[in-house]
file input-v3.txt (compact mmCIF, C-alpha atoms and all ligand atoms)
# COMPACT_ATOMS: atom_id res chain seq x y z
CA MET A 1 172.47 -111.05 -124.78
CA ALA A 2 171.44 -111.00 -128.38
CA ARG A 3 174.47 -109.11 -129.43
CA SER A 4 173.81 -108.20 -132.99
CA THR A 5 175.63 -105.62 -134.97
CA LYS A 6 174.12 -104.52 -138.21
CA VAL A 7 176.44 -103.70 -141.04
CA VAL A 8 175.78 -102.38 -144.51
CA THR A 9 176.95 -104.36 -147.49
CA PHE A 10 176.52 -103.68 -151.17
CA ASP A 11 175.33 -106.14 -153.72
CA THR A 12 177.61 -105.97 -156.74
CA ASP A 13 177.95 -108.24 -159.73
CA PRO A 14 181.11 -110.30 -159.20
CA ALA A 15 181.39 -110.74 -162.94
CA GLY A 16 180.70 -107.09 -163.74
CA PRO A 17 183.35 -104.90 -165.34
CA GLY A 18 185.60 -103.29 -162.72
CA PRO A 19 184.90 -99.64 -163.60
CA ALA A 20 181.15 -100.24 -163.34
CA VAL A 21 181.48 -102.05 -160.03
CA ALA A 22 183.70 -99.27 -158.66
CA ALA A 23 181.13 -96.63 -159.65
CA SER A 24 178.23 -98.64 -158.28
CA LEU A 25 180.00 -98.83 -154.91
CA ALA A 26 181.18 -95.22 -154.87
CA LEU A 27 177.72 -93.72 -155.51
CA PRO A 28 175.95 -95.14 -152.43
CA LEU A 29 179.02 -94.54 -150.27
CA LEU A 30 179.00 -90.85 -151.22
CA ARG A 31 175.27 -90.68 -150.59
CA LYS A 32 175.58 -92.28 -147.17
CA ALA A 33 178.49 -90.05 -146.20
CA LYS A 34 176.61 -86.99 -147.54
CA VAL A 35 179.51 -85.80 -149.63
CA ASP A 36 179.61 -85.12 -153.33
CA THR A 37 182.96 -86.50 -154.38
CA TRP A 38 185.35 -89.29 -153.51
CA ALA A 39 188.03 -86.69 -152.72
CA GLU A 40 185.66 -85.13 -150.17
CA LEU A 41 185.04 -88.55 -148.69
CA LEU A 42 188.74 -89.26 -148.33
CA GLY A 43 189.30 -85.77 -146.96
CA ALA A 44 186.61 -86.25 -144.34
CA LEU A 45 188.10 -89.59 -143.32
CA ALA A 46 191.62 -88.18 -143.20
CA SER A 47 190.53 -85.29 -141.03
CA GLY A 48 188.76 -87.62 -138.62
CA ASP A 49 185.23 -86.40 -139.36
CA GLU A 50 183.34 -88.44 -136.80
CA ARG A 51 180.06 -88.46 -138.68
CA VAL A 52 181.67 -89.76 -141.86
CA LEU A 53 183.86 -92.20 -139.97
CA GLY A 54 180.73 -93.51 -138.28
CA VAL A 55 178.96 -93.99 -141.59
CA VAL A 56 181.90 -95.70 -143.25
CA GLY A 57 182.53 -97.77 -140.15
CA ARG A 58 179.16 -99.44 -140.56
CA VAL A 59 179.85 -100.36 -144.17
CA HIS A 60 181.41 -103.66 -144.95
CA LEU A 61 183.00 -104.15 -148.33
CA SER A 62 184.35 -107.50 -149.44
CA ALA A 63 188.02 -107.90 -150.22
CA GLU A 64 187.05 -108.13 -153.85
CA GLN A 65 185.08 -104.88 -153.70
CA LEU A 66 187.96 -103.11 -151.97
CA ARG A 67 190.31 -104.38 -154.64
CA VAL A 68 188.05 -103.07 -157.40
CA LEU A 69 187.89 -99.63 -155.77
CA ASP A 70 191.64 -99.66 -155.42
CA GLU A 71 192.12 -100.54 -159.07
CA HIS A 72 189.94 -97.77 -160.48
CA PRO A 73 191.05 -94.42 -159.06
CA GLY A 74 190.14 -92.81 -162.37
CA VAL A 75 186.53 -93.88 -161.96
CA LEU A 76 186.45 -92.62 -158.38
CA SER A 77 187.72 -89.25 -159.51
CA VAL A 78 184.81 -88.68 -161.89
CA VAL A 79 181.90 -90.26 -160.02
CA ARG A 80 180.02 -87.65 -158.01
CA LEU A 81 176.67 -86.49 -156.68
CA ASN A 82 174.92 -83.14 -157.10
CA PRO A 83 175.06 -83.17 -160.05
CA SER A 84 175.19 -86.91 -160.31
CA VAL A 85 177.88 -88.39 -162.54
CA SER A 86 178.41 -92.09 -163.02
CA VAL A 87 180.31 -94.06 -165.59
CA ALA A 88 179.17 -96.15 -168.51
CA VAL A 89 181.11 -99.15 -169.73
CA CYS A 90 181.09 -100.42 -173.29
CA PRO A 91 180.46 -104.17 -173.34
CA VAL A 92 182.32 -104.54 -176.62
CA CYS A 93 185.56 -102.59 -176.21
CA SER A 94 185.43 -102.42 -172.38
CA GLU A 95 186.22 -98.70 -172.37
CA TRP A 96 184.50 -96.58 -169.74
CA PHE A 97 183.60 -92.91 -169.65
CA ALA A 98 181.78 -90.47 -167.40
CA VAL A 99 178.06 -89.90 -168.00
CA ASP A 100 175.79 -87.42 -166.27
CA GLY A 101 172.56 -88.35 -167.99
CA SER A 102 171.72 -91.56 -169.70
CA ALA A 103 174.35 -93.54 -171.51
CA PRO A 104 174.63 -92.91 -175.25
CA ALA A 105 173.16 -95.51 -177.55
CA ARG A 106 176.47 -96.06 -179.28
CA CYS A 107 179.98 -96.37 -177.87
CA PRO A 108 181.76 -93.01 -178.13
CA MET A 109 185.13 -94.36 -177.04
CA THR A 110 186.33 -96.52 -179.87
CA PHE A 111 185.98 -95.57 -183.49
CA GLY A 112 183.65 -97.95 -185.26
CA CYS A 113 182.68 -99.75 -182.05
CA VAL A 114 179.06 -100.90 -182.13
CA GLY A 115 178.82 -101.52 -178.39
CA LYS A 116 175.90 -100.08 -176.45
CA PRO A 117 177.37 -98.68 -173.22
CA VAL A 118 175.78 -99.60 -169.92
CA LYS A 119 175.58 -96.98 -167.21
CA ALA A 120 176.54 -98.10 -163.71
CA ALA A 121 173.83 -97.56 -161.12
CA ALA A 122 174.28 -97.44 -157.38
CA ALA A 123 174.68 -100.89 -155.90
CA LYS A 124 171.79 -102.20 -153.85
CA GLN A 125 172.37 -101.84 -150.16
CA VAL A 126 171.87 -104.92 -148.03
CA VAL A 127 171.87 -104.62 -144.26
CA VAL A 128 173.08 -107.78 -142.61
CA ASP A 129 173.97 -108.95 -139.16
CA ALA A 130 177.73 -108.76 -138.72
CA ALA A 131 177.66 -112.22 -137.18
CA ASP A 132 176.23 -113.62 -140.39
CA LEU A 133 179.20 -112.38 -142.36
CA ALA A 134 181.66 -114.44 -140.39
CA GLY A 135 180.95 -117.67 -142.15
CA SER A 136 180.49 -116.22 -145.58
CA GLY A 137 184.09 -115.61 -146.43
CA LEU A 138 183.43 -111.89 -146.77
CA VAL A 139 185.07 -110.96 -143.54
CA ASP A 140 188.74 -111.23 -142.91
CA ASP A 141 188.63 -111.95 -139.24
CA PRO A 142 192.12 -112.47 -137.91
CA THR A 143 190.83 -113.73 -134.60
CA GLY A 144 188.00 -115.80 -135.91
CA GLU A 145 188.21 -119.49 -136.30
CA VAL A 146 187.93 -120.79 -139.75
CA PRO A 147 185.01 -123.17 -139.75
CA ASP A 148 187.16 -126.14 -140.44
CA GLY A 149 185.38 -129.27 -141.43
CA ASP A 150 187.13 -132.57 -141.55
CA ASP A 151 189.41 -132.24 -144.48
CA PRO A 152 190.42 -135.76 -145.40
CA GLY A 153 193.33 -134.48 -147.43
CA ASP A 154 194.86 -132.51 -144.62
CA ASP A 155 195.08 -134.78 -141.64
CA ASP A 156 198.82 -134.98 -141.33
CA GLY A 157 198.92 -132.07 -138.93
CA ALA A 158 201.38 -130.17 -141.05
CA VAL A 159 200.96 -126.44 -141.08
CA ASP A 160 200.79 -125.14 -144.56
CA GLY A 161 201.94 -121.59 -144.61
CA ASP A 162 200.13 -120.55 -147.71
CA GLY A 163 197.39 -121.53 -150.04
CA ASP A 164 194.83 -121.05 -147.32
CA ASP A 165 193.07 -118.21 -149.02
CA PRO A 166 191.25 -119.60 -152.00
CA ASP A 167 189.17 -116.46 -152.42
CA GLU A 168 192.20 -114.41 -153.22
CA LEU A 169 192.54 -113.41 -156.83
CA GLU A 170 189.51 -114.87 -158.40
CA ASP A 171 189.78 -114.27 -162.08
CA PHE A 172 187.58 -111.63 -163.55
CA ALA A 173 185.75 -113.10 -166.47
CA PHE A 174 184.93 -110.51 -169.02
ZN ZN B 1 183.07 -99.66 -177.39
call {"tool": "encode", "arguments": {"input": "input-v3.txt", "output": "structure tokens"}}
result
Amino acid sequence: MARSTKVVTFDTDPAGPGPAVAASLALPLLRKAKVDTWAELLGALASGDERVLGVVGRVHLSAEQLRVLDEHPGVLSVVRLNPSVSVAVCPVCSEWFAVDGSAPARCPMTFGCVGKPVKAAAAKQVVVDAADLAGSGLVDDPTGEVPDGDDPGDDDGAVDGDGDDPDELEDFAF
């Protein structure tokens, strides 16, 4: 009766630069799927590899995390395992580049830039109960009821067709 489904989520910095967040998500996903590159991961999914589908099926990414992955295909094409390659992002000029060892002490991307690049590490994995995600706004559950408190401003019974997704398009603050 205790129907609990465990899902894997990843803890990423919502204010972190997109390329770094994309890399920090890609690395543990590759590791879990036991593939070396994002292309291999997509290939395995496309070919219906049941093991990889099973692994990915237990991972829950937030809409924001999915959007970040979608926006940084260039990052996904360089991040890999064996040998491990991540990306480093310069906090000053915001440029990113692939790094296989440690990040260089000085930004190599922009002439004269004094930024000290930060290498993206794999995001921390957090296993949660799927039921706990429902109220957190992380899950887009088309069948779920929105926990709807008494909204004093909305008691006229009118159906508003939009504006019901406040989490959409949060601004990235760099
Ligand atoms: Zn720089």
call {"tool": "residues_around", "arguments": {"input": "input-v3.txt", "residues": "stretch 52-58 of chain A", "least_positions_apart": "3", "cutoff": "8 Å", "atoms": "all atoms listed in the file", "output": "PyMOL selection string"}}
result
chain A and resi 6-8+29+32-33+41+44-45+48-49
call {"tool": "closest_residue", "arguments": {"input": "input-v3.txt", "among": "A:Ala98, A:Leu81, A:Ala88, A:Met109", "to": "A:Pro28", "atoms": "only C-alpha atoms"}}
result
A:Leu81
call {"tool": "atom_distance", "arguments": {"input": "input-v3.txt", "atom1": "atom CA of A:His60", "atom2": "atom CA of A:Pro83"}}
result
26.2 Å
call {"tool": "closest_atom_pairs", "arguments": {"input": "input-v3.txt", "of": "chain A", "to": "ligand ZN 1 (chain B)", "cutoff": "8 Å", "atoms": "all atoms listed in the file", "output": "CSV"}}
result
residue,atom,partner,partner_atom,distance
A:Val89,CA,B:ZN1,ZN,7.9
A:Cys90,CA,B:ZN1,ZN,4.6
A:Pro91,CA,B:ZN1,ZN,6.6
A:Val92,CA,B:ZN1,ZN,5.0
A:Cys93,CA,B:ZN1,ZN,4.0
A:Ser94,CA,B:ZN1,ZN,6.2
A:Glu95,CA,B:ZN1,ZN,6.0
A:Arg106,CA,B:ZN1,ZN,7.8
A:Cys107,CA,B:ZN1,ZN,4.5
A:Pro108,CA,B:ZN1,ZN,6.8
A:Met109,CA,B:ZN1,ZN,5.7
A:Thr110,CA,B:ZN1,ZN,5.2
A:Phe111,CA,B:ZN1,ZN,7.9
A:Cys113,CA,B:ZN1,ZN,4.7
A:Val114,CA,B:ZN1,ZN,6.3
A:Gly115,CA,B:ZN1,ZN,4.7
A:Lys116,CA,B:ZN1,ZN,7.2
A:Pro117,CA,B:ZN1,ZN,7.1
call {"tool": "atom_distance", "arguments": {"input": "input-v3.txt", "atom1": "atom CA of A:Ser86", "atom2": "atom CA of A:Ser62"}}
result
21.4 Å
call {"tool": "atom_distance", "arguments": {"input": "input-v3.txt", "atom1": "atom CA of A:Gly74", "atom2": "atom CA of A:Gln125"}}
result
23.4 Å
call {"tool": "closest_residue", "arguments": {"input": "input-v3.txt", "among": "A:Leu42, A:Glu50, A:Ala120, A:Ala103", "to": "A:Val79", "atoms": "all atoms listed in the file"}}
result
A:Ala120
call {"tool": "closest_residue", "arguments": {"input": "input-v3.txt", "among": "A:Ala105, A:Val99, A:Ala121, A:Ala46", "to": "A:Ala23", "atoms": "only C-alpha atoms"}}
result
A:Ala121
call {"tool": "closest_residue", "arguments": {"input": "input-v3.txt", "among": "A:Asp36, A:Asp100, A:Glu64, A:Asp129", "to": "A:Arg80", "atoms": "only C-alpha atoms"}}
result
A:Asp36
call {"tool": "residues_around", "arguments": {"input": "input-v3.txt", "residues": "A:Ser24", "least_positions_apart": "4", "cutoff": "12 Å", "atoms": "all atoms listed in the file", "output": "VMD selection string"}}
result
chain A and resid 10 to 13 16 to 20 28 to 31 65 68 to 69 72 75 to 76 79 to 80 85 to 89 118 to 125
call {"tool": "closest_residue", "arguments": {"input": "input-v3.txt", "among": "A:Leu133, A:Glu71, A:Trp96, A:Ser77", "to": "A:Glu40", "atoms": "all atoms listed in the file"}}
result
A:Ser77
